[in-house]
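Peer 1: Pasting a structure here, questions to come.
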Amino acid sequence: MPRKRTPDAHDRILDAAGGLFDRYGVHAVGMQQIIDDLGCGKQLLYREFASKDKLVVAYLERCTQDWDRTFARALAAAATPEEQLVEVVRAVQTMVPGTRGCSLRNTHAEFPDPEHPAHQVSLEHFKAVREQLRELARRTSAADPDRLGDRIMLIIDGVYASGATLGATGTAEEAVALARDVIRIETSPPVAESEIPADVQ
């Protein structure tokens, strides 16, 4: 009779693998390296994860859960949808500098084959995040909320890129101010032509 999965072992393997994947990238880390880092037997690893692909997918699924918790905390930190969008950017800005960036974005880049499960999981995540931001933007007074959501996502992408390449001295801290500027512009009522000074018309 096959042995049942052990939740504690499952999580410990994911912790070890996730730390290595985040530090070195998925392709650079082999199963033996994970075994050595964890100090477990090969049988235990393969009992919990029958292949590296399955381990990578579980790692990415955990990353999506981490994002969902981050997003939920951002929503709880502010009362209005405009401020909630700012808090989403702030949450990313505070955790990114000094890291290799977004684990899901990095893994997506490592697996360009659209048929690979890692590519599919990461792509679905980005689609979901885009819809989360658009849905939140639809609760604001923005004339084009989908555009606002997309612009906030571009700011978040920039935070991940800046934090990964420039670290704590990068431009991530400017992201919150930029998000506020974008939200203010997108939610401001249009200026009537009659209100524009004649010398600038």
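Note on naming: chains are A, B, ... as they come in the structure tokens, residues start from 1 per chain, ligands start from 1 in the order shown.
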At a cut-off of 9 Å, using only C-alpha atoms, what residues contact segment 175-178 of chain A? Leave out same-chain residues fewer than 2 positions from it and give the result as a ChimeraX atom specification.
Peer 2: /A:86-87,89-90,93,155-156,158-159,171-173,180-183
Peer 1: Please, could you write that set of residues out with all heavy atoms as a tab-separated table (two decimals), in the first residue's frame?
Peer 2:
chain	number	residue	atom	x	y	z
A	86	VAL	N	-3.56	52.11	-4.11
A	86	VAL	CA	-2.27	52.60	-3.63
A	86	VAL	C	-1.64	51.60	-2.67
A	86	VAL	O	-0.43	51.33	-2.73
A	86	VAL	CB	-2.44	53.97	-2.93
A	86	VAL	CG1	-1.13	54.40	-2.26
A	86	VAL	CG2	-2.88	55.03	-3.93
A	87	GLU	N	-2.46	51.02	-1.79
A	87	GLU	CA	-1.95	50.07	-0.81
A	87	GLU	C	-1.42	48.79	-1.48
A	87	GLU	O	-0.49	48.17	-0.96
A	87	GLU	CB	-3.03	49.72	0.21
A	87	GLU	CG	-3.33	50.85	1.19
A	87	GLU	CD	-2.11	51.30	1.97
A	87	GLU	OE1	-1.30	50.44	2.38
A	87	GLU	OE2	-1.96	52.52	2.17
A	89	VAL	N	0.11	48.71	-4.36
A	89	VAL	CA	1.45	49.09	-4.81
A	89	VAL	C	2.40	49.20	-3.63
A	89	VAL	O	3.55	48.74	-3.70
A	89	VAL	CB	1.40	50.42	-5.59
A	89	VAL	CG1	2.81	50.89	-5.97
A	89	VAL	CG2	0.54	50.28	-6.84
A	90	ARG	N	1.93	49.77	-2.53
A	90	ARG	CA	2.78	49.92	-1.35
A	90	ARG	C	3.21	48.54	-0.82
A	90	ARG	O	4.36	48.35	-0.43
A	90	ARG	CB	2.05	50.68	-0.25
A	90	ARG	CG	2.97	51.06	0.93
A	90	ARG	CD	2.16	51.52	2.14
A	90	ARG	NE	1.21	52.54	1.81
A	90	ARG	CZ	1.51	53.84	1.65
A	90	ARG	NH1	2.75	54.24	1.81
A	90	ARG	NH2	0.57	54.71	1.36
A	93	GLN	N	5.90	47.32	-3.02
A	93	GLN	CA	7.09	48.16	-2.86
A	93	GLN	C	7.88	47.80	-1.61
A	93	GLN	O	9.12	47.84	-1.61
A	93	GLN	CB	6.67	49.63	-2.83
A	93	GLN	CG	7.80	50.62	-2.62
A	93	GLN	CD	7.95	51.01	-1.16
A	93	GLN	OE1	6.98	51.08	-0.42
A	93	GLN	NE2	9.19	51.24	-0.75
A	155	ILE	N	2.87	49.67	-13.08
A	155	ILE	CA	3.68	50.21	-11.97
A	155	ILE	C	4.23	49.06	-11.14
A	155	ILE	O	5.40	49.05	-10.76
A	155	ILE	CB	2.84	51.17	-11.11
A	155	ILE	CG1	2.51	52.43	-11.90
A	155	ILE	CG2	3.60	51.54	-9.83
A	155	ILE	CD1	1.53	53.37	-11.20
A	156	ILE	N	3.37	48.08	-10.85
A	156	ILE	CA	3.81	46.92	-10.07
A	156	ILE	C	4.92	46.17	-10.81
A	156	ILE	O	5.91	45.76	-10.20
A	156	ILE	CB	2.61	46.00	-9.77
A	156	ILE	CG1	1.66	46.69	-8.78
A	156	ILE	CG2	3.07	44.65	-9.22
A	156	ILE	CD1	0.35	45.96	-8.57
A	158	GLY	N	7.04	47.46	-12.80
A	158	GLY	CA	8.23	48.27	-12.67
A	158	GLY	C	8.87	48.14	-11.30
A	158	GLY	O	10.10	48.14	-11.18
A	159	VAL	N	8.05	48.00	-10.26
A	159	VAL	CA	8.58	47.81	-8.91
A	159	VAL	C	9.38	46.52	-8.83
A	159	VAL	O	10.48	46.49	-8.28
A	159	VAL	CB	7.44	47.79	-7.87
A	159	VAL	CG1	7.97	47.40	-6.50
A	159	VAL	CG2	6.76	49.15	-7.80
A	171	THR	N	14.27	52.48	-7.46
A	171	THR	CA	13.20	53.48	-7.54
A	171	THR	C	11.87	52.96	-7.01
A	171	THR	O	10.85	53.61	-7.18
A	171	THR	CB	13.02	53.91	-9.01
A	171	THR	OG1	12.72	52.76	-9.81
A	171	THR	CG2	14.27	54.58	-9.53
A	172	ALA	N	11.87	51.81	-6.35
A	172	ALA	CA	10.62	51.22	-5.88
A	172	ALA	C	9.85	52.15	-4.97
A	172	ALA	O	8.63	52.20	-5.00
A	172	ALA	CB	10.90	49.89	-5.18
A	173	GLU	N	10.57	52.93	-4.15
A	173	GLU	CA	9.88	53.81	-3.21
A	173	GLU	C	9.10	54.91	-3.91
A	173	GLU	O	8.19	55.52	-3.32
A	173	GLU	CB	10.89	54.43	-2.24
A	173	GLU	CG	11.90	55.33	-2.89
A	173	GLU	CD	12.91	55.88	-1.89
A	173	GLU	OE1	13.04	55.28	-0.80
A	173	GLU	OE2	13.55	56.89	-2.20
A	180	ARG	N	-0.33	57.19	-6.88
A	180	ARG	CA	-1.25	58.26	-6.48
A	180	ARG	C	-1.48	59.24	-7.63
A	180	ARG	O	-2.61	59.68	-7.87
A	180	ARG	CB	-0.69	59.01	-5.27
A	180	ARG	CG	-0.76	58.23	-3.97
A	180	ARG	CD	-0.43	59.15	-2.78
A	180	ARG	NE	-0.38	58.41	-1.54
A	180	ARG	CZ	-1.43	58.03	-0.84
A	180	ARG	NH1	-2.66	58.32	-1.29
A	180	ARG	NH2	-1.30	57.38	0.30
A	181	ASP	N	-0.40	59.60	-8.32
A	181	ASP	CA	-0.53	60.54	-9.45
A	181	ASP	C	-1.42	59.96	-10.54
A	181	ASP	O	-2.30	60.64	-11.07
A	181	ASP	CB	0.84	60.86	-10.02
A	181	ASP	CG	1.69	61.74	-9.11
A	181	ASP	OD1	1.11	62.34	-8.18
A	181	ASP	OD2	2.91	61.80	-9.31
A	182	VAL	N	-1.19	58.70	-10.87
A	182	VAL	CA	-1.98	58.05	-11.93
A	182	VAL	C	-3.45	57.98	-11.53
A	182	VAL	O	-4.35	58.28	-12.34
A	182	VAL	CB	-1.42	56.64	-12.23
A	182	VAL	CG1	-2.38	55.86	-13.11
A	182	VAL	CG2	-0.05	56.75	-12.89
A	183	ILE	N	-3.70	57.59	-10.29
A	183	ILE	CA	-5.09	57.47	-9.83
A	183	ILE	C	-5.77	58.84	-9.82
A	183	ILE	O	-6.93	58.97	-10.22
A	183	ILE	CB	-5.13	56.82	-8.42
A	183	ILE	CG1	-4.67	55.37	-8.52
A	183	ILE	CG2	-6.54	56.90	-7.83
A	183	ILE	CD1	-4.34	54.73	-7.18
Peer 1: Between atom CA of Met153 of chain A and atom CA of Leu133 of chain A, what distance in Å does the model show, to one decimal?
Peer 2: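 These two atoms are separated by 7.2 Å.
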Peer 1: I need the residue nearest Ala72 of chain A from this list: A:Gln132, A:Cys40, A:Pro189, A:Met95. Use only C-alpha atoms for the distance.
Peer 2: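 Comparing A:Gln132, A:Cys40, A:Pro189, A:Met95 against Ala72 of chain A, the winner is A:Gln132.
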Peer 1: Name the residues in contact with His116 of chain A at a cut-off of 12 Å, using only C-alpha atoms, excluding same-chain residues fewer than 5 positions from it; report them as JSON, numbers by chain.
Peer 2: {"A": [53, 54, 56, 57, 107, 108, 109, 110, 111, 121, 122, 123]}
